[in-house]
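Q: My file is my_file.cif. It has mmCIF, C-alpha atoms:
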data_coords
#
loop_
_atom_site.label_atom_id
_atom_site.label_comp_id
_atom_site.auth_asym_id
_atom_site.auth_seq_id
_atom_site.Cartn_x
_atom_site.Cartn_y
_atom_site.Cartn_z
CA MET A 1 68.93 -222.90 148.87
CA GLU A 2 65.33 -222.51 149.86
CA LYS A 3 66.44 -221.68 153.38
CA GLU A 4 68.72 -218.90 152.05
CA ILE A 5 65.90 -217.41 149.98
CA LEU A 6 63.62 -217.50 152.99
CA GLU A 7 66.24 -215.83 155.16
CA LYS A 8 66.73 -213.13 152.54
CA LYS A 9 62.98 -212.54 152.30
CA LEU A 10 62.72 -212.40 156.10
CA LYS A 11 65.58 -209.91 156.25
CA ILE A 12 63.89 -207.70 153.65
CA ALA A 13 60.57 -208.00 155.49
CA LEU A 14 62.24 -207.06 158.76
CA GLN A 15 63.93 -204.07 157.10
CA LYS A 16 60.59 -202.97 155.69
CA ALA A 17 58.97 -203.46 159.10
CA SER A 18 61.70 -201.37 160.70
CA ILE A 19 61.22 -198.62 158.10
CA LEU A 20 57.47 -198.76 158.69
CA GLU A 21 58.01 -198.66 162.42
CA ASN A 22 60.18 -195.53 162.05
CA MET A 23 57.58 -193.95 159.81
CA ILE A 24 54.87 -194.73 162.35
CA GLU A 25 57.02 -193.36 165.15
CA ASN A 26 57.70 -190.14 163.22
CA THR A 27 54.08 -189.74 162.27
CA THR A 28 52.99 -190.36 165.85
CA ARG A 29 55.53 -187.79 167.08
CA GLU A 30 54.23 -185.29 164.53
CA LEU A 31 50.69 -186.01 165.58
CA TYR A 32 51.59 -185.46 169.25
CA GLN A 33 53.27 -182.15 168.35
CA LYS A 34 50.24 -181.06 166.35
CA GLU A 35 47.94 -182.11 169.16
CA ASN A 36 49.97 -180.05 171.65
CA LYS A 37 49.84 -177.07 169.33
CA LEU A 38 46.09 -177.49 169.02
CA LEU A 39 45.71 -177.74 172.79
CA ALA A 40 47.83 -174.59 173.26
CA ARG A 41 45.78 -172.82 170.60
CA GLU A 42 42.55 -173.92 172.32
CA LYS A 43 43.87 -172.57 175.62
CA ASP A 44 44.69 -169.24 173.93
CA LEU A 45 41.26 -169.04 172.36
CA LEU A 46 39.55 -169.77 175.69
CA LYS A 47 41.66 -167.05 177.32
CA GLN A 48 40.74 -164.58 174.55
CA LYS A 49 37.07 -165.52 174.90
CA ASP A 50 37.32 -164.88 178.63
CA GLU A 51 38.90 -161.47 178.05
CA LEU A 52 36.33 -160.58 175.42
CA GLU A 53 33.51 -161.51 177.79
CA LYS A 54 35.09 -159.40 180.55
CA THR A 55 35.51 -156.44 178.17
CA GLN A 56 31.93 -156.85 177.00
CA GLU A 57 30.78 -156.92 180.63
CA GLN A 58 32.75 -153.74 181.34
CA LEU A 59 31.32 -152.00 178.28
CA ILE A 60 27.77 -152.95 179.22
CA ARG A 61 28.38 -151.78 182.78
CA ALA A 62 29.91 -148.48 181.59
CA GLU A 63 26.97 -147.94 179.25
CA ARG A 64 24.49 -148.72 182.02
CA LEU A 65 26.24 -146.30 184.41
CA SER A 66 26.31 -143.64 181.73
CA ILE A 67 22.56 -144.01 181.16
CA ILE A 68 21.88 -143.92 184.91
CA GLY A 69 24.09 -140.82 185.17
CA GLN A 70 22.31 -139.03 182.33
CA MET A 71 18.84 -139.90 183.57
CA SER A 72 19.72 -138.89 187.12
CA ALA A 73 21.16 -135.61 185.92
CA GLY A 74 18.01 -134.89 183.94
CA ILE A 75 15.77 -135.63 186.91
CA ALA A 76 18.01 -133.73 189.32
CA HIS A 77 18.06 -130.72 187.06
CA GLU A 78 14.27 -130.65 186.89
CA LEU A 79 14.03 -130.90 190.68
CA ASN A 80 16.05 -127.73 191.30
CA ASN A 81 13.23 -125.31 190.58
CA PRO A 82 10.53 -126.97 192.73
CA MET A 83 13.08 -127.38 195.53
CA MET A 84 13.89 -123.68 195.42
CA GLY A 85 10.17 -122.99 195.62
CA ILE A 86 9.69 -125.31 198.59
CA LEU A 87 12.74 -123.90 200.40
CA ASN A 88 11.52 -120.34 200.06
CA TYR A 89 7.90 -121.15 200.94
CA ILE A 90 8.99 -122.91 204.15
CA GLN A 91 11.42 -120.10 205.03
CA TYR A 92 8.58 -117.61 204.53
CA CYS A 93 6.26 -119.62 206.83
CA LEU A 94 9.02 -119.92 209.43
CA LYS A 95 9.58 -116.17 209.33
CA HIS A 96 5.86 -115.60 210.08
CA THR A 97 5.53 -118.29 212.79
CA PRO A 98 6.15 -117.33 216.43
CA GLU A 99 8.95 -119.32 218.06
CA ASN A 100 6.64 -120.55 220.82
CA ASP A 101 4.27 -122.03 218.22
CA ASN A 102 4.66 -125.83 218.00
CA LYS A 103 4.72 -125.51 214.22
CA TYR A 104 8.01 -123.55 214.44
CA SER A 105 10.21 -126.59 215.16
CA ILE A 106 8.35 -128.62 212.52
CA LEU A 107 9.13 -125.95 209.95
CA GLN A 108 12.77 -125.96 211.04
CA ASP A 109 12.80 -129.74 210.50
CA ALA A 110 11.24 -129.22 207.08
CA ILE A 111 14.07 -126.87 206.15
CA LYS A 112 16.62 -129.48 207.28
CA GLU A 113 14.97 -132.07 205.06
CA ILE A 114 14.74 -129.83 202.01
CA ASN A 115 18.41 -128.95 202.48
CA ARG A 116 19.12 -132.69 202.56
CA CYS A 117 17.26 -133.03 199.24
CA ILE A 118 19.27 -130.15 197.79
CA LYS A 119 22.51 -131.88 198.82
CA ILE A 120 21.42 -135.16 197.22
CA VAL A 121 20.53 -133.40 193.96
CA LYS A 122 23.85 -131.51 193.96
CA ASP A 123 25.67 -134.84 194.43
CA ILE A 124 23.73 -136.41 191.56
CA LEU A 125 24.53 -133.50 189.27
CA PHE A 126 28.17 -133.57 190.31
CA PHE A 127 28.33 -137.33 189.81
CA SER A 128 27.06 -137.09 186.26
CA HIS A 129 29.07 -134.04 185.39
CA PRO A 130 31.88 -133.17 187.79
CA GLY A 131 32.90 -130.24 185.52
CA LEU A 132 36.44 -131.40 185.93
CA GLU A 133 36.94 -131.57 182.19
CA MET A 134 37.26 -127.80 182.29
CA GLU A 135 40.95 -126.97 182.13
CA SER A 136 40.86 -124.12 184.61
CA GLY A 137 41.33 -124.70 188.31
CA TYR A 138 44.18 -127.24 188.12
CA GLU A 139 47.22 -126.36 190.22
CA LYS A 140 50.26 -128.12 191.65
CA LYS A 141 49.60 -129.20 195.22
CA ASN A 142 51.07 -131.50 197.83
CA CYS A 143 48.83 -134.47 198.67
CA ASN A 144 50.08 -134.41 202.25
CA ILE A 145 48.65 -130.94 202.80
CA ILE A 146 45.33 -131.85 201.19
CA LEU A 147 45.10 -134.91 203.44
CA ASP A 148 45.86 -132.80 206.50
CA ASN A 149 43.04 -130.43 205.48
CA ALA A 150 40.65 -133.37 205.20
CA LEU A 151 41.73 -134.69 208.62
CA ASN A 152 41.24 -131.23 210.13
CA LEU A 153 37.71 -131.07 208.78
CA LEU A 154 36.95 -134.41 210.44
CA SER A 155 38.99 -133.77 213.60
CA TYR A 156 35.94 -133.35 215.83
CA ARG A 157 34.51 -136.69 214.80
CA ILE A 158 37.91 -138.43 215.01
CA THR A 159 38.40 -137.17 218.59
CA GLU A 160 34.81 -137.86 219.68
CA GLU A 161 34.88 -141.40 218.39
CA LYS A 162 38.41 -142.01 219.77
CA VAL A 163 39.89 -143.17 216.48
CA PHE A 164 43.67 -143.50 216.15
CA ILE A 165 45.05 -142.01 212.93
CA ASN A 166 48.45 -143.28 211.83
CA LYS A 167 49.72 -141.16 208.94
CA HIS A 168 53.10 -141.85 207.37
CA GLY A 169 54.88 -141.80 204.06
CA THR A 170 57.77 -140.85 201.83
CA LYS A 171 59.41 -137.55 202.63
CA GLY A 172 59.76 -135.08 199.78
CA LEU A 173 56.72 -136.36 197.91
CA PRO A 174 56.35 -134.48 194.61
CA GLU A 175 53.49 -132.03 194.11
CA ILE A 176 50.86 -133.15 191.63
CA TRP A 177 48.42 -131.40 189.30
CA MET A 178 44.97 -131.44 190.82
CA LYS A 179 41.76 -129.61 191.57
CA ALA A 180 42.51 -129.37 195.27
CA ASN A 181 38.89 -129.01 196.46
CA ASN A 182 37.84 -132.14 194.60
CA ILE A 183 40.78 -134.25 195.82
CA GLU A 184 40.08 -133.04 199.35
CA GLN A 185 36.48 -134.15 198.84
CA VAL A 186 37.73 -137.64 197.95
CA PHE A 187 39.86 -137.87 201.10
CA VAL A 188 37.03 -136.56 203.31
CA ASN A 189 34.65 -139.10 201.80
CA LEU A 190 36.98 -142.07 202.28
CA ILE A 191 37.97 -141.13 205.83
CA ASN A 192 34.31 -140.50 206.72
CA ASN A 193 33.40 -143.95 205.40
CA ALA A 194 36.25 -145.43 207.45
CA LEU A 195 34.90 -143.69 210.57
CA ASP A 196 31.44 -145.13 209.85
CA ALA A 197 32.93 -148.61 209.48
CA LEU A 198 34.77 -148.29 212.81
CA LYS A 199 31.65 -147.49 214.86
CA GLU A 200 31.18 -151.02 216.23
CA SER A 201 34.85 -152.03 216.16
CA ASN A 202 36.94 -152.69 219.25
CA LYS A 203 40.09 -151.63 217.46
CA LYS A 204 39.55 -148.15 215.96
CA GLU A 205 42.44 -147.32 213.67
CA ILE A 206 42.93 -145.65 210.30
CA ASP A 207 46.30 -146.04 208.65
CA ILE A 208 47.19 -143.53 205.91
CA ASP A 209 50.24 -143.98 203.76
CA LEU A 210 51.65 -141.73 201.01
CA SER A 211 54.42 -142.77 198.64
CA GLN A 212 55.71 -142.29 195.13
CA LYS A 213 55.23 -145.19 192.72
CA ASP A 214 57.09 -144.42 189.50
CA LYS A 215 55.08 -141.59 187.82
CA PHE A 216 52.32 -141.67 190.39
CA VAL A 217 51.70 -140.65 193.97
CA GLN A 218 50.02 -143.49 195.85
CA ILE A 219 47.73 -142.88 198.82
CA THR A 220 46.33 -145.77 200.84
CA ILE A 221 43.65 -145.43 203.51
CA THR A 222 43.18 -148.58 205.59
CA ASP A 223 40.74 -149.06 208.44
CA THR A 224 40.19 -151.82 210.99
CA GLY A 225 36.43 -151.60 210.57
CA CYS A 226 33.66 -154.03 209.70
CA GLY A 227 34.82 -154.61 206.12
CA ILE A 228 32.77 -155.08 202.94
CA SER A 229 31.34 -158.37 201.70
CA LYS A 230 32.58 -159.88 198.41
CA GLU A 231 29.12 -159.44 196.88
CA SER A 232 29.09 -155.71 197.66
CA LEU A 233 32.73 -155.04 196.85
CA HIS A 234 32.37 -154.97 193.06
CA ARG A 235 29.42 -152.55 193.33
CA ILE A 236 30.76 -149.95 195.73
CA PHE A 237 31.50 -147.42 192.98
CA ASP A 238 28.05 -147.86 191.40
CA PRO A 239 25.71 -144.85 191.78
CA PHE A 240 23.04 -145.21 194.48
CA PHE A 241 24.57 -148.40 195.87
CA THR A 242 25.01 -148.16 199.63
CA THR A 243 25.34 -150.50 202.59
CA LYS A 244 24.49 -147.74 205.03
CA PRO A 245 21.09 -147.46 206.76
CA VAL A 246 18.33 -145.43 205.09
CA GLY A 247 18.94 -141.71 205.38
CA LYS A 248 22.64 -142.18 206.18
CA GLY A 249 24.02 -142.41 202.67
CA THR A 250 22.83 -141.73 199.13
CA GLY A 251 25.24 -144.19 197.57
CA LEU A 252 26.86 -141.46 195.48
CA GLY A 253 29.95 -140.68 197.56
CA LEU A 254 32.25 -143.39 196.21
CA GLY A 255 30.90 -142.96 192.68
CA ILE A 256 31.83 -139.28 192.87
CA CYS A 257 35.29 -140.19 194.27
CA HIS A 258 35.80 -142.60 191.40
CA ASN A 259 34.83 -139.95 188.84
CA ILE A 260 37.11 -137.33 190.39
CA ILE A 261 40.11 -139.68 190.42
CA LYS A 262 39.38 -140.89 186.88
CA VAL A 263 39.20 -137.35 185.49
CA HIS A 264 42.57 -136.65 187.13
CA GLY A 265 43.99 -139.55 185.11
CA GLY A 266 44.36 -141.73 188.19
CA SER A 267 42.81 -144.90 189.55
CA ILE A 268 41.13 -146.02 192.76
CA PHE A 269 40.50 -149.53 193.96
CA CYS A 270 39.38 -151.27 197.10
CA GLU A 271 40.30 -154.41 198.99
CA SER A 272 38.32 -155.59 201.95
CA LYS A 273 37.67 -158.50 204.31
CA LEU A 274 34.57 -158.78 206.45
CA GLY A 275 35.37 -158.35 210.10
CA ILE A 276 38.94 -157.28 209.38
CA GLY A 277 38.84 -153.98 207.52
CA THR A 278 39.03 -152.11 204.23
CA LYS A 279 41.83 -150.56 202.22
CA PHE A 280 41.42 -147.94 199.49
CA THR A 281 44.34 -147.33 197.17
CA ILE A 282 44.49 -144.21 195.04
CA LEU A 283 47.06 -143.54 192.32
CA LEU A 284 47.35 -139.98 191.03
CA PRO A 285 49.67 -139.02 188.16
CA ILE A 286 52.36 -136.52 189.00
CA GLU A 287 52.24 -134.92 185.56
CA ARG A 288 49.06 -133.30 184.28
CA ARG A 289 46.90 -135.44 182.01
CA LYS A 290 45.53 -133.77 178.86
CA HIS A 291 41.71 -133.97 178.44
CA MET B 1 13.36 -94.15 196.72
CA SER B 2 13.03 -97.97 196.90
CA LYS B 3 15.47 -100.06 194.95
CA ARG B 4 13.77 -102.05 192.21
CA ILE B 5 14.53 -105.67 191.38
CA LEU B 6 13.34 -107.81 188.45
CA SER B 7 13.16 -111.62 188.58
CA ILE B 8 13.05 -113.24 185.12
CA ASP B 9 12.07 -116.91 185.17
CA ASP B 10 9.59 -119.07 183.27
CA ASP B 11 8.96 -121.11 186.46
CA GLU B 12 6.23 -119.75 188.74
CA ALA B 13 7.85 -121.33 191.81
CA ILE B 14 10.98 -119.23 191.27
CA ARG B 15 9.09 -115.98 190.62
CA LYS B 16 6.99 -116.60 193.74
CA SER B 17 10.16 -117.35 195.75
CA PHE B 18 11.49 -113.89 194.94
CA ILE B 19 8.17 -112.21 195.77
CA LEU B 20 8.12 -113.93 199.18
CA ALA B 21 11.80 -113.20 199.80
CA PHE B 22 11.32 -109.45 199.40
CA GLU B 23 7.99 -109.16 201.22
CA GLY B 24 8.31 -106.73 204.12
CA THR B 25 11.66 -105.40 202.89
CA GLU B 26 12.41 -102.00 201.43
CA TYR B 27 12.95 -103.52 197.97
CA LYS B 28 10.32 -103.50 195.23
CA ILE B 29 10.16 -106.76 193.26
CA ASP B 30 8.76 -107.27 189.75
CA THR B 31 8.67 -110.52 187.85
CA ALA B 32 8.71 -111.56 184.19
CA GLU B 33 8.08 -115.03 182.86
CA SER B 34 10.09 -114.69 179.67
CA GLY B 35 12.97 -112.82 178.11
CA HIS B 36 10.51 -110.92 175.88
CA GLU B 37 8.40 -109.77 178.84
CA ALA B 38 11.55 -108.77 180.73
CA LEU B 39 12.78 -106.60 177.85
CA GLU B 40 9.43 -104.79 177.72
CA LYS B 41 9.61 -104.08 181.45
CA ILE B 42 13.25 -102.97 181.32
CA LYS B 43 12.43 -100.48 178.53
CA THR B 44 9.75 -98.83 180.67
CA ASN B 45 11.10 -99.17 184.22
CA LEU B 46 14.40 -98.49 185.91
CA TYR B 47 15.76 -101.58 187.67
CA ASP B 48 18.68 -101.73 190.07
CA LEU B 49 19.29 -105.48 189.87
CA LEU B 50 18.15 -108.43 187.74
CA PHE B 51 17.88 -112.13 188.54
CA LEU B 52 17.82 -114.03 185.25
CA ASP B 53 17.10 -117.71 184.68
CA LEU B 54 19.38 -119.47 182.21
CA LYS B 55 17.12 -122.21 180.89
CA MET B 56 13.98 -120.64 179.38
CA PRO B 57 11.97 -121.53 176.27
CA GLU B 58 12.11 -119.34 173.13
CA MET B 59 14.74 -116.94 174.46
CA ASP B 60 17.26 -118.45 176.86
CA GLY B 61 19.08 -116.48 179.56
CA VAL B 62 22.20 -115.79 177.52
CA GLU B 63 20.21 -114.42 174.56
CA ALA B 64 18.10 -112.35 176.98
CA LEU B 65 21.29 -111.02 178.57
CA ARG B 66 22.65 -109.95 175.16
CA LYS B 67 19.49 -107.94 174.49
CA ILE B 68 19.42 -106.52 178.05
CA ARG B 69 23.00 -105.29 177.69
CA LYS B 70 22.01 -103.34 174.57
CA ILE B 71 19.57 -101.40 176.77
CA SER B 72 21.69 -101.20 179.90
CA LYS B 73 25.37 -102.04 180.21
CA LYS B 74 25.55 -101.25 183.93
CA ILE B 75 22.68 -103.01 185.65
CA PRO B 76 23.95 -105.93 187.78
CA VAL B 77 22.66 -109.25 186.45
CA PHE B 78 22.74 -112.51 188.38
CA ILE B 79 22.20 -115.56 186.19
CA LEU B 80 20.54 -118.38 188.10
CA THR B 81 21.63 -121.78 187.03
CA ALA B 82 21.90 -125.38 188.14
CA PHE B 83 25.22 -125.44 186.25
CA HIS B 84 23.97 -127.83 183.61
CA LYS B 85 26.73 -128.60 181.12
CA GLU B 86 24.62 -127.85 178.03
CA PHE B 87 24.87 -124.16 178.88
CA PHE B 88 28.57 -123.98 179.64
CA SER B 89 29.58 -123.18 176.11
CA ASN B 90 26.90 -120.45 175.86
CA LEU B 91 28.04 -118.87 179.12
CA LYS B 92 31.66 -119.04 178.02
CA LEU B 93 30.73 -117.36 174.75
CA ALA B 94 28.78 -114.65 176.58
CA SER B 95 31.79 -114.01 178.79
CA GLU B 96 34.11 -113.85 175.79
CA GLU B 97 31.78 -111.33 174.15
CA GLY B 98 32.36 -109.09 177.14
CA LEU B 99 28.84 -109.48 178.56
CA VAL B 100 29.03 -108.81 182.28
CA PHE B 101 27.10 -111.06 184.67
CA GLU B 102 27.43 -113.03 187.88
CA LEU B 103 26.47 -116.68 188.33
CA LEU B 104 24.25 -117.89 191.14
CA GLU B 105 23.73 -121.58 191.76
CA LYS B 106 20.15 -122.82 192.22
CA PRO B 107 18.43 -123.50 194.51
CA VAL B 108 18.91 -120.38 196.62
CA GLY B 109 16.96 -119.44 199.74
CA VAL B 110 15.66 -116.14 201.09
CA ASP B 111 18.68 -115.40 203.31
CA GLU B 112 21.09 -115.76 200.43
CA ILE B 113 18.89 -113.69 198.09
CA ILE B 114 18.70 -110.81 200.60
CA LEU B 115 22.43 -111.05 201.32
CA ILE B 116 23.27 -110.74 197.62
CA VAL B 117 20.89 -107.84 197.08
CA LYS B 118 22.17 -105.94 200.12
CA SER B 119 25.81 -106.45 199.26
CA VAL B 120 25.32 -105.40 195.62
CA LEU B 121 22.98 -102.47 196.18
CA GLU B 122 24.16 -101.16 199.52
CA GLY B 123 27.70 -102.36 199.85
CA PRO B 124 29.51 -103.16 203.13
CA GLN B 125 27.74 -100.32 205.01
CA ALA B 126 24.59 -102.51 204.95
CA TYR B 127 26.20 -104.58 207.69
#
Can you give me the file's structure in the form of structure tokens?
A:
Amino acid sequence: MEKEILEKKLKIALQKASILENMIENTTRELYQKENKLLAREKDLLKQKDELEKTQEQLIRAERLSIIGQMSAGIAHELNNPMMGILNYIQYCLKHTPENDNKYSILQDAIKEINRCIKIVKDILFFSHPGLEMESGYEKKNCNIILDNALNLLSYRITEEKVFINKHGTKGLPEIWMKANNIEQVFVNLINNALDALKESNKKEIDIDLSQKDKFVQITITDTGCGISKESLHRIFDPFFTTKPVGKGTGLGLGICHNIIKVHGGSIFCESKLGIGTKFTILLPIERRKH
Amino acid sequence: MSKRILSIDDDEAIRKSFILAFEGTEYKIDTAESGHEALEKIKTNLYDLLFLDLKMPEMDGVEALRKIRKISKKIPVFILTAFHKEFFSNLKLASEEGLVFELLEKPVGVDEIILIVKSVLEGPQAY
């Protein structure tokens, strides 16, 4: 009798233990699920924090560039008058100096230098205000033709420095809305930079490709030059940043290119490897962007 | 009779540039350092060409041009500017009002100044 009671009690205890075990199992499963959700949520939050930090960095950088642009424009604008004075004073002195006077060539050098200053100031003013927001001057043009114009302008240098140009691309590329002079300026700038990079290279090649990518025309300019270091790569579009020797570059060229492409509603980016070469990719919208 | 030119600029370096540019030429150059002074000179002298600065205190180039055009609608006026954006809307307005002018980008040297004057005042036969 006692044995039966004990067996019954054991059975009940075992049943209760089994129920408890199930409850514990379910609760543990729920806890695991909640933990996974929390981990996923944490991952999301970290990703959002990352993106926010990147956006903040971009905003700070844009603000800094805008301030630099405005300050530079202000300074450049103020320099125009004294530079005009200096240019005319030197030209006057040159006019009244005999050619056989040793001061004559010095004055000629002075004019070269003041003209260099004038170019730098013009670049600064253009960088800060390309004037491209003005609606007039946009027309439909073929990028191929604009590129050929740029290559023609640089043909002497390309031949002298024995650089091989390989130009290819999609036939029947659509015309795009652009300010042709400004886009030509971009191409001249990039090809000029490529020629500079190729100076010490054994293999001197520039590959230019044109193609249509959805609603954009894509132009890539790739050289086999010295390349750009990782540290410099993220700064190449910053104003006044240059890797060229003193007197060889103001550091405004790529900044101006970036502004021109941006105002056209396009984008420009750069990939590079030291010792291997550099590739610039430009995307320009086929349809006109409203400003 | 010599052709007469007026340079209107608040900056002495610019006024002096024009004086030096025309030295030894057949052109007579006068200068004014403000829009007000220019208007006084234009009322009493006959000028064949004006060089007018855009950015001047008190009366800027566009306002000066408006008043000049009330005195003379025909005299050629070259507005000198560094193409600063703050003046674009004023220039656009002036153009829309029918005020006639040409734009000249600063800085400009003696050769360019003489070239402009010759082509405006003497036409192609100057070459």
Q: Within 10 Å of segment 86-95 of chain B, counting all atoms listed in the file, which residues qualify if same-chain residues fewer than 3 places away don't, as a tab-separated table (two decimals) with C-alpha atoms, in the coordinates of the input?
A:
chain	number	residue	atom	x	y	z
A	131	GLY	CA	32.90	-130.24	185.52
A	134	MET	CA	37.26	-127.80	182.29
B	54	LEU	CA	19.38	-119.47	182.21
B	55	LYS	CA	17.12	-122.21	180.89
B	60	ASP	CA	17.26	-118.45	176.86
B	61	GLY	CA	19.08	-116.48	179.56
B	62	VAL	CA	22.20	-115.79	177.52
B	63	GLU	CA	20.21	-114.42	174.56
B	65	LEU	CA	21.29	-111.02	178.57
B	66	ARG	CA	22.65	-109.95	175.16
B	79	ILE	CA	22.20	-115.56	186.19
B	81	THR	CA	21.63	-121.78	187.03
B	82	ALA	CA	21.90	-125.38	188.14
B	83	PHE	CA	25.22	-125.44	186.25
B	98	GLY	CA	32.36	-109.09	177.14
B	99	LEU	CA	28.84	-109.48	178.56
B	100	VAL	CA	29.03	-108.81	182.28
B	101	PHE	CA	27.10	-111.06	184.67
B	103	LEU	CA	26.47	-116.68	188.33
Q: Excluding His77 of chain A and residues on its chain fewer than 4 positions from it, collect all residues at most 8 Å away from it, counting only C-alpha atoms, and give them as a ChimeraX atom specification.
A: /A:73,121,125 /B:82,84
Q: Would you kindly report the residues of chain A within 8 Å of chain B, using all atoms listed in the file, as a list in words?
A: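 That gives His77, Asn80, Asn81, Pro82, Met83, Met84, Gly85, Leu87, Asn88, Tyr89, Gln91, Tyr92, Ile118, His129 and Gly131 of chain A for chain A.
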Q: I need the residue set behind the PyMOL selection byres ((chain A and resi 181-191) around 8) for this file; please write it as a ChimeraX atom specification.
A: /A:146-147,149-151,153-154,178-180,192-195,221,253-254,256-257,260-261,280
Q: Name the residues captured by the PyMOL selection byres ((chain B and resi 27) around 7) when it is applied to the shown file; answer as a PyMOL selection string.
A: chain B and resi 2-4+22+25-26+28-29
Q: Okay, now the selection with C-alpha atoms, as a PDB file, in the frame of the given file?
A:
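Listing of result-v4.pdb after writing:
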ATOM      1  CA  SER B   2      13.030 -97.970 196.900  1.00  0.00           C
ATOM      2  CA  LYS B   3      15.470-100.060 194.950  1.00  0.00           C
ATOM      3  CA  ARG B   4      13.770-102.050 192.210  1.00  0.00           C
ATOM      4  CA  PHE B  22      11.320-109.450 199.400  1.00  0.00           C
ATOM      5  CA  THR B  25      11.660-105.400 202.890  1.00  0.00           C
ATOM      6  CA  GLU B  26      12.410-102.000 201.430  1.00  0.00           C
ATOM      7  CA  LYS B  28      10.320-103.500 195.230  1.00  0.00           C
ATOM      8  CA  ILE B  29      10.160-106.760 193.260  1.00  0.00           C
TER       9      ILE B  29
END
Q: On this structure, which residues satisfy the PyMOL selection byres ((chain B and resi 72) around 12), written as a compact mmCIF listing (two decimals) with C-alpha atoms, in the coordinates of the input?
A:
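Generated file (expr-v9.txt):
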# COMPACT_ATOMS: atom_id res chain seq x y z
CA LEU B 39 12.78 -106.60 177.85
CA ILE B 42 13.25 -102.97 181.32
CA LYS B 43 12.43 -100.48 178.53
CA ASN B 45 11.10 -99.17 184.22
CA LEU B 46 14.40 -98.49 185.91
CA TYR B 47 15.76 -101.58 187.67
CA ASP B 48 18.68 -101.73 190.07
CA LEU B 49 19.29 -105.48 189.87
CA LEU B 50 18.15 -108.43 187.74
CA LEU B 65 21.29 -111.02 178.57
CA ARG B 66 22.65 -109.95 175.16
CA LYS B 67 19.49 -107.94 174.49
CA ILE B 68 19.42 -106.52 178.05
CA ARG B 69 23.00 -105.29 177.69
CA LYS B 70 22.01 -103.34 174.57
CA ILE B 71 19.57 -101.40 176.77
CA LYS B 73 25.37 -102.04 180.21
CA LYS B 74 25.55 -101.25 183.93
CA ILE B 75 22.68 -103.01 185.65
CA PRO B 76 23.95 -105.93 187.78
CA VAL B 77 22.66 -109.25 186.45
CA LEU B 99 28.84 -109.48 178.56
CA VAL B 100 29.03 -108.81 182.28
Q: Distance atom CA of Gln218 of chain A-atom CA of Ile282 of chain A, one decimal place?
A: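 Calculated distance between atom CA of Gln218 of chain A and atom CA of Ile282 of chain A is 5.6 Å.
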Q: Under the rule that only C-alpha atoms are counted, which of B:Leu121, B:Ile113, B:Leu80, B:Leu6 is the nearest residue to Glu40 of chain B?
A: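 So, comparing all the options, the nearest one is B:Leu6.
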Q: Could you jot down the atom CA of Leu107 of chain A to atom CA of Leu94 of chain A separation for me, Å, one decimal place?
A: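 Atom-to-atom, atom CA of Leu107 of chain A to atom CA of Leu94 of chain A, that is 6.1 Å.
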